[in-house]
file upload.tsv (TSV, C-alpha atoms and all ligand atoms)
chain	number	residue	atom	x	y	z
R	1	MET	CA	-61.09	-95.85	10.21
R	2	GLN	CA	-60.41	-94.11	6.90
R	3	LEU	CA	-57.34	-95.11	4.94
R	4	PRO	CA	-56.06	-93.92	1.53
R	5	ARG	CA	-56.84	-96.40	-1.24
R	6	GLU	CA	-53.86	-95.47	-3.40
R	7	VAL	CA	-50.46	-94.22	-2.31
R	8	ILE	CA	-48.03	-93.55	-5.14
R	9	VAL	CA	-44.58	-92.21	-4.32
R	10	GLY	CA	-41.64	-91.74	-6.66
R	11	LYS	CA	-40.15	-89.93	-9.63
R	12	GLY	CA	-42.61	-88.73	-12.25
R	13	THR	CA	-45.67	-90.17	-10.49
R	14	LEU	CA	-47.92	-87.34	-11.76
R	15	ASN	CA	-47.89	-89.28	-15.06
R	16	ARG	CA	-49.80	-92.01	-13.29
R	17	ILE	CA	-52.86	-89.84	-12.57
R	18	PRO	CA	-54.89	-91.31	-15.50
R	19	GLU	CA	-54.20	-94.84	-14.24
R	20	VAL	CA	-55.23	-93.87	-10.67
R	21	ALA	CA	-58.34	-92.08	-11.95
R	22	LYS	CA	-59.32	-95.25	-13.79
R	23	ARG	CA	-58.74	-97.56	-10.82
R	24	LEU	CA	-60.69	-95.25	-8.49
R	25	ASP	CA	-63.39	-94.92	-11.15
R	26	LEU	CA	-63.27	-91.10	-11.00
R	27	ARG	CA	-65.89	-89.54	-13.26
R	28	GLY	CA	-67.72	-86.29	-13.85
R	29	LYS	CA	-66.18	-83.12	-12.48
R	30	ALA	CA	-62.88	-82.61	-10.71
R	31	LEU	CA	-61.89	-79.43	-8.88
R	32	VAL	CA	-58.16	-78.76	-8.66
R	33	MET	CA	-57.11	-76.47	-5.81
R	34	SER	CA	-53.69	-74.86	-5.75
R	35	ASP	CA	-51.82	-71.58	-5.40
R	36	SER	CA	-50.28	-69.85	-8.41
R	37	LYS	CA	-46.77	-71.20	-7.77
R	38	CYS	CA	-47.87	-74.81	-7.22
R	39	TYR	CA	-50.15	-74.52	-10.24
R	40	ASP	CA	-47.07	-73.87	-12.38
R	41	ILE	CA	-45.07	-76.65	-10.71
R	42	ALA	CA	-47.76	-79.34	-10.73
R	43	GLY	CA	-51.37	-78.09	-10.86
R	44	ARG	CA	-51.36	-77.51	-14.62
R	45	ALA	CA	-50.04	-81.03	-15.26
R	46	VAL	CA	-52.60	-82.52	-12.85
R	47	SER	CA	-55.45	-80.70	-14.63
R	48	SER	CA	-54.24	-81.83	-18.03
R	49	PHE	CA	-53.90	-85.49	-16.94
R	50	LEU	CA	-57.42	-85.35	-15.51
R	51	GLU	CA	-58.81	-83.91	-18.73
R	52	LYS	CA	-57.09	-86.68	-20.65
R	53	SER	CA	-58.83	-89.13	-18.30
R	54	GLY	CA	-62.19	-87.75	-19.44
R	55	LEU	CA	-62.98	-85.58	-16.40
R	56	ALA	CA	-64.27	-82.01	-16.61
R	57	VAL	CA	-61.79	-79.89	-14.65
R	58	ASP	CA	-62.33	-76.64	-12.77
R	59	PHE	CA	-59.55	-74.75	-11.06
R	60	LEU	CA	-59.53	-72.85	-7.79
R	61	LEU	CA	-56.75	-70.59	-6.51
R	62	VAL	CA	-56.09	-70.55	-2.75
R	63	LYS	CA	-53.60	-68.32	-0.96
R	64	THR	CA	-54.21	-68.56	2.77
R	65	MET	CA	-56.40	-70.76	4.92
R	66	THR	CA	-58.28	-68.70	7.45
R	67	THR	CA	-61.81	-69.71	8.45
R	68	GLN	CA	-63.10	-67.16	5.89
R	69	ASP	CA	-61.02	-68.68	3.09
R	70	VAL	CA	-62.36	-72.15	3.82
R	71	LEU	CA	-65.95	-70.86	3.75
R	72	ALA	CA	-65.23	-69.29	0.35
R	73	VAL	CA	-63.83	-72.61	-0.92
R	74	GLU	CA	-66.93	-74.41	0.37
R	75	ASP	CA	-69.14	-71.94	-1.52
R	76	GLN	CA	-67.19	-72.71	-4.69
R	77	ILE	CA	-67.67	-76.45	-4.15
R	78	LYS	CA	-71.42	-75.91	-3.69
R	79	GLU	CA	-71.55	-73.92	-6.92
R	80	LEU	CA	-69.30	-76.08	-9.09
R	81	LYS	CA	-70.48	-79.43	-7.62
R	82	PRO	CA	-67.30	-81.44	-8.27
R	83	ASN	CA	-67.24	-85.21	-7.64
R	84	VAL	CA	-63.68	-85.09	-6.38
R	85	LEU	CA	-61.29	-82.43	-5.09
R	86	PHE	CA	-57.54	-82.38	-5.77
R	87	GLY	CA	-55.31	-80.44	-3.37
R	88	VAL	CA	-52.07	-79.60	-5.18
R	89	GLY	CA	-49.60	-77.77	-2.96
R	90	GLY	CA	-48.00	-77.50	0.46
R	91	GLY	CA	-49.59	-77.88	3.88
R	92	THR	CA	-52.01	-74.96	3.55
R	93	ILE	CA	-53.50	-76.11	0.25
R	94	ILE	CA	-53.74	-79.74	1.36
R	95	ASP	CA	-55.45	-78.64	4.58
R	96	ALA	CA	-57.90	-76.41	2.72
R	97	ALA	CA	-58.76	-79.29	0.36
R	98	LYS	CA	-59.11	-81.70	3.27
R	99	ILE	CA	-61.46	-79.62	5.41
R	100	SER	CA	-63.63	-78.24	2.60
R	101	SER	CA	-64.05	-81.64	0.89
R	102	CYS	CA	-64.97	-83.15	4.25
R	103	THR	CA	-67.69	-80.61	5.05
R	104	GLN	CA	-69.04	-80.92	1.48
R	105	ASN	CA	-68.99	-84.74	1.53
R	106	ILE	CA	-66.74	-85.34	-1.44
R	107	PRO	CA	-63.43	-87.25	-1.52
R	108	PHE	CA	-60.12	-85.45	-1.85
R	109	ILE	CA	-56.81	-86.49	-3.36
R	110	SER	CA	-53.57	-85.19	-1.92
R	111	ILE	CA	-50.83	-84.11	-4.31
R	112	PRO	CA	-48.09	-82.62	-2.12
R	113	THR	CA	-45.48	-80.27	-3.55
R	114	THR	CA	-43.56	-80.10	-0.25
R	115	VAL	CA	-42.78	-82.50	2.60
R	116	SER	CA	-42.77	-80.09	5.55
R	117	HIS	CA	-45.17	-82.03	7.84
R	118	ASP	CA	-47.32	-85.14	8.16
R	119	GLY	CA	-50.57	-83.41	7.10
R	120	ILE	CA	-50.08	-84.62	3.50
R	121	ALA	CA	-51.63	-87.98	4.41
R	122	SER	CA	-53.38	-87.44	7.75
R	123	PRO	CA	-57.10	-86.95	8.40
R	124	LEU	CA	-56.31	-83.81	10.47
R	125	VAL	CA	-56.18	-80.11	9.60
R	126	SER	CA	-54.79	-77.09	11.36
R	127	MET	CA	-57.02	-74.04	10.99
R	128	LYS	CA	-55.28	-70.69	11.09
R	129	GLY	CA	-57.17	-67.97	12.91
R	130	SER	CA	-59.39	-70.44	14.77
R	131	ASP	CA	-59.58	-70.57	18.57
R	132	LYS	CA	-57.80	-73.94	18.47
R	133	PRO	CA	-54.08	-73.63	17.65
R	134	TYR	CA	-53.80	-77.40	17.18
R	135	SER	CA	-55.21	-79.82	14.54
R	136	ILE	CA	-58.80	-80.99	14.26
R	137	LEU	CA	-60.18	-84.16	12.66
R	138	ALA	CA	-61.49	-83.95	9.04
R	139	GLN	CA	-61.02	-86.79	6.55
R	140	ALA	CA	-58.16	-88.88	5.15
R	141	PRO	CA	-57.25	-88.49	1.46
R	142	LEU	CA	-58.73	-91.04	-0.95
R	143	ALA	CA	-55.32	-91.16	-2.62
R	144	ILE	CA	-51.88	-89.61	-2.26
R	145	ILE	CA	-49.76	-89.03	-5.34
R	146	ALA	CA	-46.33	-87.75	-4.32
R	147	ASP	CA	-43.98	-86.95	-7.18
R	148	THR	CA	-40.40	-86.58	-5.94
R	149	ASP	CA	-39.45	-84.62	-9.08
R	150	VAL	CA	-41.98	-81.98	-8.00
R	151	ILE	CA	-41.09	-82.10	-4.28
R	152	ALA	CA	-37.33	-81.78	-5.01
R	153	GLN	CA	-38.03	-78.28	-6.42
R	154	ALA	CA	-39.11	-76.95	-3.00
R	155	PRO	CA	-36.55	-75.29	-0.70
R	156	TRP	CA	-34.46	-77.71	1.39
R	157	ARG	CA	-35.89	-76.19	4.60
R	158	PHE	CA	-39.21	-77.97	3.93
R	159	VAL	CA	-37.42	-81.33	4.01
R	160	VAL	CA	-35.71	-80.34	7.27
R	161	SER	CA	-39.10	-79.44	8.77
R	162	GLY	CA	-40.63	-82.73	7.61
R	163	CYS	CA	-37.79	-84.66	9.29
R	164	GLY	CA	-38.39	-82.73	12.53
R	165	ASP	CA	-42.10	-83.58	12.44
R	166	VAL	CA	-41.29	-87.30	12.05
R	167	ILE	CA	-38.52	-87.38	14.70
R	168	ALA	CA	-41.03	-85.77	17.10
R	169	LYS	CA	-42.97	-89.06	17.13
R	170	PHE	CA	-40.43	-90.50	19.62
R	171	THR	CA	-41.88	-88.30	22.35
R	172	ALA	CA	-45.46	-88.14	20.98
R	173	VAL	CA	-45.74	-91.92	21.45
R	174	LYS	CA	-44.24	-91.65	24.96
R	175	ASP	CA	-46.92	-89.10	25.86
R	176	TRP	CA	-49.67	-91.31	24.44
R	177	LYS	CA	-48.44	-94.27	26.50
R	178	LEU	CA	-48.23	-92.05	29.59
R	179	ALA	CA	-51.84	-90.90	29.11
R	180	HIS	CA	-52.86	-94.55	28.78
R	181	VAL	CA	-51.02	-95.73	31.90
R	182	GLU	CA	-51.93	-92.79	34.12
R	183	ASN	CA	-55.34	-91.74	32.78
R	184	GLY	CA	-56.66	-94.90	31.15
R	185	GLU	CA	-56.78	-93.19	27.75
R	186	TYR	CA	-57.20	-95.46	24.71
R	187	TYR	CA	-53.80	-96.54	23.35
R	188	GLY	CA	-53.42	-98.34	20.02
R	189	GLY	CA	-50.23	-100.38	19.84
R	190	TYR	CA	-50.34	-100.70	16.06
R	191	ALA	CA	-50.75	-96.96	15.41
R	192	ALA	CA	-48.06	-96.20	18.02
R	193	SER	CA	-45.62	-98.69	16.41
R	194	LEU	CA	-46.23	-97.22	12.97
R	195	ALA	CA	-45.43	-93.68	14.19
R	196	LEU	CA	-42.38	-94.92	16.10
R	197	MET	CA	-41.11	-96.90	13.13
R	198	SER	CA	-41.29	-93.75	10.97
R	199	ALA	CA	-39.17	-91.83	13.51
R	200	LYS	CA	-36.64	-94.67	13.61
R	201	LEU	CA	-36.44	-94.90	9.81
R	202	VAL	CA	-35.77	-91.18	9.41
R	203	THR	CA	-33.14	-91.36	12.19
R	204	GLU	CA	-31.41	-94.36	10.60
R	205	ASN	CA	-31.51	-92.77	7.13
R	206	ALA	CA	-30.52	-89.24	8.15
R	207	GLU	CA	-27.33	-89.49	6.11
R	208	LEU	CA	-29.22	-90.63	3.03
R	209	ILE	CA	-31.72	-87.75	3.41
R	210	VAL	CA	-28.92	-85.17	3.77
R	211	TYR	CA	-27.40	-86.50	0.55
R	212	ARG	CA	-30.44	-84.85	-1.19
R	213	GLN	CA	-31.11	-87.69	-3.56
R	214	ASP	CA	-34.43	-89.16	-4.59
R	215	GLU	CA	-33.99	-92.17	-2.30
R	216	GLY	CA	-33.71	-90.01	0.83
R	217	LEU	CA	-36.79	-88.01	-0.17
R	218	ARG	CA	-38.69	-91.27	-0.60
R	219	VAL	CA	-37.75	-92.42	2.92
R	220	LEU	CA	-39.08	-89.14	4.35
R	221	LEU	CA	-42.25	-89.26	2.24
R	222	GLU	CA	-43.01	-92.83	3.25
R	223	ALA	CA	-42.40	-91.93	6.90
R	224	LEU	CA	-44.74	-88.92	6.69
R	225	ILE	CA	-47.41	-90.98	4.94
R	226	SER	CA	-47.09	-93.75	7.56
R	227	CYS	CA	-47.59	-91.11	10.26
R	228	GLY	CA	-50.76	-89.97	8.47
R	229	VAL	CA	-51.96	-93.57	8.36
R	230	ALA	CA	-51.13	-94.00	12.07
R	231	MET	CA	-53.45	-91.06	12.84
R	232	SER	CA	-56.16	-92.54	10.62
R	233	ILE	CA	-55.92	-95.82	12.52
R	234	ALA	CA	-55.95	-94.10	15.91
R	235	GLY	CA	-58.76	-91.75	14.85
R	236	SER	CA	-56.84	-88.84	16.38
R	237	SER	CA	-53.45	-87.12	16.24
R	238	ARG	CA	-52.35	-88.92	19.43
R	239	PRO	CA	-49.64	-91.18	17.89
R	240	CYS	CA	-48.01	-88.20	16.19
R	241	SER	CA	-48.59	-85.24	18.45
R	242	GLY	CA	-47.64	-84.93	22.11
R	243	SER	CA	-45.86	-82.44	24.37
R	244	GLU	CA	-43.38	-81.48	21.62
R	245	HIS	CA	-46.30	-80.40	19.41
R	246	LEU	CA	-47.87	-78.46	22.28
R	247	PHE	CA	-44.51	-76.68	22.65
R	248	SER	CA	-44.58	-75.83	18.93
R	249	HIS	CA	-48.19	-74.55	19.10
R	250	ALA	CA	-47.26	-72.47	22.18
R	251	LEU	CA	-44.22	-71.00	20.40
R	252	ASP	CA	-46.53	-69.94	17.54
R	253	LEU	CA	-48.55	-67.98	20.11
R	254	VAL	CA	-45.54	-66.53	21.95
R	255	ASN	CA	-43.68	-65.33	18.83
R	256	SER	CA	-45.53	-64.68	15.57
R	257	HIS	CA	-42.21	-64.72	13.67
R	258	HIS	CA	-41.68	-68.35	14.50
R	259	ALA	CA	-39.93	-71.13	12.61
R	260	MET	CA	-41.58	-73.96	10.64
R	261	HIS	CA	-43.86	-76.47	12.36
R	262	GLY	CA	-41.51	-79.47	12.07
R	263	GLU	CA	-38.45	-77.43	13.07
R	264	GLN	CA	-40.20	-76.41	16.29
R	265	CYS	CA	-41.52	-79.91	16.97
R	266	GLY	CA	-37.96	-81.25	16.65
R	267	VAL	CA	-36.72	-78.83	19.32
R	268	GLY	CA	-39.82	-79.62	21.41
R	269	SER	CA	-38.93	-83.28	21.16
R	270	ILE	CA	-35.46	-82.62	22.62
R	271	LEU	CA	-37.13	-80.88	25.59
R	272	SER	CA	-39.73	-83.63	26.10
R	273	ALA	CA	-37.15	-86.44	25.82
R	274	TYR	CA	-35.06	-84.66	28.46
R	275	LEU	CA	-38.10	-84.47	30.77
R	276	TYR	CA	-38.67	-88.20	30.21
R	277	ARG	CA	-34.97	-88.77	31.07
R	278	SER	CA	-34.69	-90.63	27.79
R	279	ASN	CA	-32.14	-90.26	25.00
R	280	TRP	CA	-32.61	-86.58	24.11
R	281	GLN	CA	-29.01	-86.45	22.87
R	282	ARG	CA	-29.82	-88.88	20.05
R	283	ILE	CA	-32.75	-86.69	18.92
R	284	ARG	CA	-30.52	-83.61	18.97
R	285	LYS	CA	-27.75	-85.43	17.11
R	286	THR	CA	-30.13	-86.51	14.31
R	287	LEU	CA	-31.61	-83.02	14.01
R	288	LYS	CA	-28.12	-81.51	13.81
R	289	GLN	CA	-27.12	-84.09	11.20
R	290	ILE	CA	-30.09	-83.10	9.04
R	291	GLY	CA	-29.31	-79.41	9.54
R	292	ALA	CA	-32.45	-78.76	11.60
R	293	PRO	CA	-32.49	-76.10	14.34
R	294	THR	CA	-31.57	-77.28	17.85
R	295	THR	CA	-31.33	-73.88	19.58
R	296	ALA	CA	-33.57	-70.85	20.14
R	297	ASN	CA	-31.18	-68.83	18.01
R	298	GLU	CA	-31.46	-71.28	15.11
R	299	LEU	CA	-35.26	-71.20	15.45
R	300	GLY	CA	-35.02	-67.41	15.13
R	301	VAL	CA	-36.68	-66.79	18.51
R	302	LYS	CA	-35.46	-65.33	21.80
R	303	ASP	CA	-34.29	-67.60	24.63
R	304	ALA	CA	-37.16	-66.27	26.78
R	305	ASP	CA	-39.68	-67.26	24.04
R	306	VAL	CA	-38.61	-70.91	24.35
R	307	VAL	CA	-39.00	-70.82	28.13
R	308	LYS	CA	-42.40	-69.07	27.91
R	309	ALA	CA	-43.61	-71.56	25.27
R	310	LEU	CA	-42.56	-74.53	27.38
R	311	GLU	CA	-44.39	-73.09	30.38
R	312	LEU	CA	-47.51	-72.30	28.31
R	313	ALA	CA	-47.60	-75.57	26.33
R	314	ALA	CA	-49.65	-77.70	28.73
R	315	LYS	CA	-52.21	-74.92	29.25
R	316	ILE	CA	-53.24	-74.57	25.61
R	317	ARG	CA	-54.60	-78.11	25.55
R	318	PRO	CA	-55.40	-79.27	29.11
R	319	GLU	CA	-57.22	-82.44	27.96
R	320	ARG	CA	-54.23	-83.80	26.02
R	321	TYR	CA	-52.29	-85.35	28.90
R	322	THR	CA	-48.51	-85.33	28.40
R	323	ILE	CA	-45.31	-85.23	30.44
R	324	LEU	CA	-45.82	-81.45	30.70
R	325	HIS	CA	-49.18	-81.95	32.43
R	326	LYS	CA	-47.71	-84.54	34.74
R	327	LEU	CA	-44.72	-82.39	35.78
R	328	ASN	CA	-46.56	-79.03	35.78
R	329	LEU	CA	-43.31	-77.10	35.33
R	330	ASN	CA	-42.79	-73.56	36.59
R	331	TYR	CA	-40.82	-70.91	34.69
R	332	GLU	CA	-37.56	-71.70	36.51
R	333	THR	CA	-37.74	-75.44	35.74
R	334	CYS	CA	-38.59	-74.69	32.11
R	335	GLU	CA	-35.55	-72.43	31.92
R	336	LYS	CA	-33.36	-75.11	33.53
R	337	THR	CA	-34.62	-77.70	31.02
R	338	ALA	CA	-33.95	-75.44	28.03
R	339	LYS	CA	-30.44	-74.68	29.36
R	340	ALA	CA	-29.61	-78.31	30.16
R	341	THR	CA	-30.42	-79.32	26.58
R	342	GLY	CA	-28.39	-76.47	25.11
R	343	ILE	CA	-31.46	-74.90	23.47
R	344	ILE	CA	-30.82	-71.63	25.30
R	345	ASN	CA	-27.69	-70.16	26.88
U	1	ZN	ZN	-46.76	-82.27	13.27
call {"tool": "encode", "arguments": {"input": "upload.tsv", "output": "structure tokens"}}
result
Amino acid sequence: MQLPREVIVGKGTLNRIPEVAKRLDLRGKALVMSDSKCYDIAGRAVSSFLEKSGLAVDFLLVKTMTTQDVLAVEDQIKELKPNVLFGVGGGTIIDAAKISSCTQNIPFISIPTTVSHDGIASPLVSMKGSDKPYSILAQAPLAIIADTDVIAQAPWRFVVSGCGDVIAKFTAVKDWKLAHVENGEYYGGYAASLALMSAKLVTENAELIVYRQDEGLRVLLEALISCGVAMSIAGSSRPCSGSEHLFSHALDLVNSHHAMHGEQCGVGSILSAYLYRSNWQRIRKTLKQIGAPTTANELGVKDADVVKALELAAKIRPERYTILHKLNLNYETCEKTAKATGIIN
């Protein structure tokens, strides 16, 4: 089990980098990875704080994260030989830092500039262009420094997506329990409770989050970080990723002009909750309250794409048993489900 040693969330927390560097006894060389936009927002400040802490700092610009890009980053790590890697950016940058630091056996520190999904604190990465459309296990961050002043600069849609990813844990945990009861799969009550608690907290604080103040952002950040920790404890994405995530991965394959990960997972969670005959209306209500998509139209996809994705979802990951595997839905039932939940007309 790998857990972050330092988690610092709040306004102006980038200023605390020297203090964190001292406590973690960071020395030698640091490599800061970012894209040009995130470098301006936070990367430059991170580099300067590290220099003030006595570290030698190199900088690496990342744009996308295909398998090729990651290999290029790994080559840079081999050449520059940093002692620690800082990922400063959104999901792509954090994932690139996570996977390349893991393969090169150095720790990485997560400095998110957006809150669009739970990857900011998890040990998992999603690799674009790989044969697996879902996440794979890498390593947890040594520390997470989330500055809400930085995160507040990102478009509101990222917050909406992050909320969707957390609310999705209601059904992810149901799927995990189902796999345990029906297939004898390992189930960790503590990790499951942590994921569930995050979903409840975001639901209860939806109004506060919509208010767009620092406090709401903190609730979401803490929920996303707790989800990351839940995955570290479980040693897999199980507590945080079930049938609703499979639906989202399937929608990515069905329509390349898809919505954001968390937005799709939120809609997937409505569908899964309906299939479980549980309170799907509450999930939809919270998503609507936050301003997250709850229909195909709002996701920017065709009605048929939603139905196709729901039918395909179980097939893209046969070993991850969920309600979709249990029910083995045909196209007509998928269509009926999407209509009954108001996702399609
Ligand atoms: Zn997710």
call {"tool": "closest_residue", "arguments": {"input": "upload.tsv", "among": "R:Ile323, R:Val219, R:Leu253, R:Ala168", "to": "ligand ZN 1 (chain U)", "atoms": "only C-alpha atoms and all ligand atoms"}}
result
R:Ala168
call {"tool": "closest_residue", "arguments": {"input": "upload.tsv", "among": "R:Arg320, R:His258, R:Ser198, R:Ala30", "to": "Ser48 (chain R)", "atoms": "only C-alpha atoms"}}
result
R:Ala30
call {"tool": "atom_distance", "arguments": {"input": "upload.tsv", "atom1": "CA of Thr295 (chain R)", "atom2": "CA of Ala223 (chain R)"}}
result
24.7 Å
call {"tool": "residues_around", "arguments": {"input": "upload.tsv", "residues": "region 205-214 of chain R", "least_positions_apart": "3", "cutoff": "7 Å", "atoms": "only C-alpha atoms", "output": "PyMOL selection string"}}
result
chain R and resi 148+201-202+217-218+286+289-290
call {"tool": "closest_residue", "arguments": {"input": "upload.tsv", "among": "R:Pro318, R:Pro18, R:Gly300, R:Gly242", "to": "Ala273 (chain R)", "atoms": "all atoms listed in the file"}}
result
R:Gly242
call {"tool": "closest_residue", "arguments": {"input": "upload.tsv", "among": "R:Gly119, R:Pro112, R:Gly189, R:Gly268", "to": "Gln153 (chain R)", "atoms": "all atoms listed in the file"}}
result
R:Pro112
call {"tool": "residues_around", "arguments": {"input": "upload.tsv", "residues": "Asn255 (chain R)", "least_positions_apart": "4", "cutoff": "8 Å", "atoms": "all atoms listed in the file", "output": "list in words"}}
result
Leu251, Val301 and Asp305 of chain R
call {"tool": "atom_distance", "arguments": {"input": "upload.tsv", "atom1": "CA of Gly228 (chain R)", "atom2": "CA of Ser110 (chain R)"}}
result
11.8 Å
call {"tool": "residues_near_ligand", "arguments": {"input": "upload.tsv", "ligand": "ligand ZN 1 (chain U)", "cutoff": "9 Å", "atoms": "all atoms listed in the file", "output": "VMD selection string"}}
result
chain R and resid 116 to 119 135 162 164 to 166 168 to 169 237 240 to 241 245 248 261 to 262 265
call {"tool": "atom_distance", "arguments": {"input": "upload.tsv", "atom1": "CA of Asp149 (chain R)", "atom2": "CA of Ile8 (chain R)"}}
result
13.0 Å
call {"tool": "closest_residue", "arguments": {"input": "upload.tsv", "among": "R:Leu287, R:Ile99, R:Val57, R:Ala72", "to": "Val159 (chain R)", "atoms": "all atoms listed in the file"}}
result
R:Leu287
call {"tool": "residues_around", "arguments": {"input": "upload.tsv", "residues": "Thr322 (chain R)", "least_positions_apart": "5", "cutoff": "9 Å", "atoms": "only C-alpha atoms", "output": "list in words"}}
result
Ala172, Lys174, Asp175, Trp176, Leu178, Ala179, Gly242, Ser243, Ala314 and Leu327 of chain R
call {"tool": "write_last_selection", "arguments": {"input": "upload.tsv", "atoms": "C-alpha atoms", "output": "compact mmCIF listing (two decimals), keeping the file's coordinate frame"}}
result
# COMPACT_ATOMS: atom_id res chain seq x y z
CA ALA R 172 -45.46 -88.14 20.98
CA LYS R 174 -44.24 -91.65 24.96
CA ASP R 175 -46.92 -89.10 25.86
CA TRP R 176 -49.67 -91.31 24.44
CA LEU R 178 -48.23 -92.05 29.59
CA ALA R 179 -51.84 -90.90 29.11
CA GLY R 242 -47.64 -84.93 22.11
CA SER R 243 -45.86 -82.44 24.37
CA ALA R 314 -49.65 -77.70 28.73
CA LEU R 327 -44.72 -82.39 35.78
call {"tool": "residues_around", "arguments": {"input": "upload.tsv", "residues": "Glu19 (chain R)", "least_positions_apart": "2", "cutoff": "12 Å", "atoms": "only C-alpha atoms", "output": "list in words"}}
result
Glu6, Ile8, Thr13, Leu14, Asn15, Arg16, Ile17, Ala21, Lys22, Arg23, Leu24, Asp25, Leu26, Phe49, Leu50, Lys52, Ser53, Gly54 and Ile145 of chain R
call {"tool": "closest_residue", "arguments": {"input": "upload.tsv", "among": "R:Ala195, R:Ile120, R:Val307, R:Ala154", "to": "Ala97 (chain R)", "atoms": "only C-alpha atoms"}}
result
R:Ile120
call {"tool": "residues_near_point", "arguments": {"input": "upload.tsv", "point": "(-66.1, -71.9, -3.3)", "cutoff": "12 Å", "atoms": "all atoms listed in the file", "output": "list in words"}}
result
Leu31, Val32, Met33, Asp58, Phe59, Leu60, Leu61, Val62, Gln68, Asp69, Val70, Leu71, Ala72, Val73, Glu74, Asp75, Gln76, Ile77, Lys78, Glu79, Leu80, Lys81, Pro82, Leu85, Ala96, Ala97, Ser100, Ser101 and Gln104 of chain R
call {"tool": "residues_around", "arguments": {"input": "upload.tsv", "residues": "Ala340 (chain R)", "least_positions_apart": "2", "cutoff": "12 Å", "atoms": "all atoms listed in the file", "output": "PDB file with C-alpha atoms, in the frame of the given file"}}
result
ATOM      1  CA  ILE R 270     -35.460 -82.620  22.620  1.00  0.00           C
ATOM      2  CA  LEU R 271     -37.130 -80.880  25.590  1.00  0.00           C
ATOM      3  CA  ALA R 273     -37.150 -86.440  25.820  1.00  0.00           C
ATOM      4  CA  TYR R 274     -35.060 -84.660  28.460  1.00  0.00           C
ATOM      5  CA  LEU R 275     -38.100 -84.470  30.770  1.00  0.00           C
ATOM      6  CA  ARG R 277     -34.970 -88.770  31.070  1.00  0.00           C
ATOM      7  CA  TRP R 280     -32.610 -86.580  24.110  1.00  0.00           C
ATOM      8  CA  GLN R 281     -29.010 -86.450  22.870  1.00  0.00           C
ATOM      9  CA  THR R 295     -31.330 -73.880  19.580  1.00  0.00           C
ATOM     10  CA  THR R 333     -37.740 -75.440  35.740  1.00  0.00           C
ATOM     11  CA  CYS R 334     -38.590 -74.690  32.110  1.00  0.00           C
ATOM     12  CA  GLU R 335     -35.550 -72.430  31.920  1.00  0.00           C
ATOM     13  CA  LYS R 336     -33.360 -75.110  33.530  1.00  0.00           C
ATOM     14  CA  THR R 337     -34.620 -77.700  31.020  1.00  0.00           C
ATOM     15  CA  ALA R 338     -33.950 -75.440  28.030  1.00  0.00           C
ATOM     16  CA  GLY R 342     -28.390 -76.470  25.110  1.00  0.00           C
ATOM     17  CA  ILE R 343     -31.460 -74.900  23.470  1.00  0.00           C
ATOM     18  CA  ILE R 344     -30.820 -71.630  25.300  1.00  0.00           C
ATOM     19  CA  ASN R 345     -27.690 -70.160  26.880  1.00  0.00           C
TER      20      ASN R 345
END
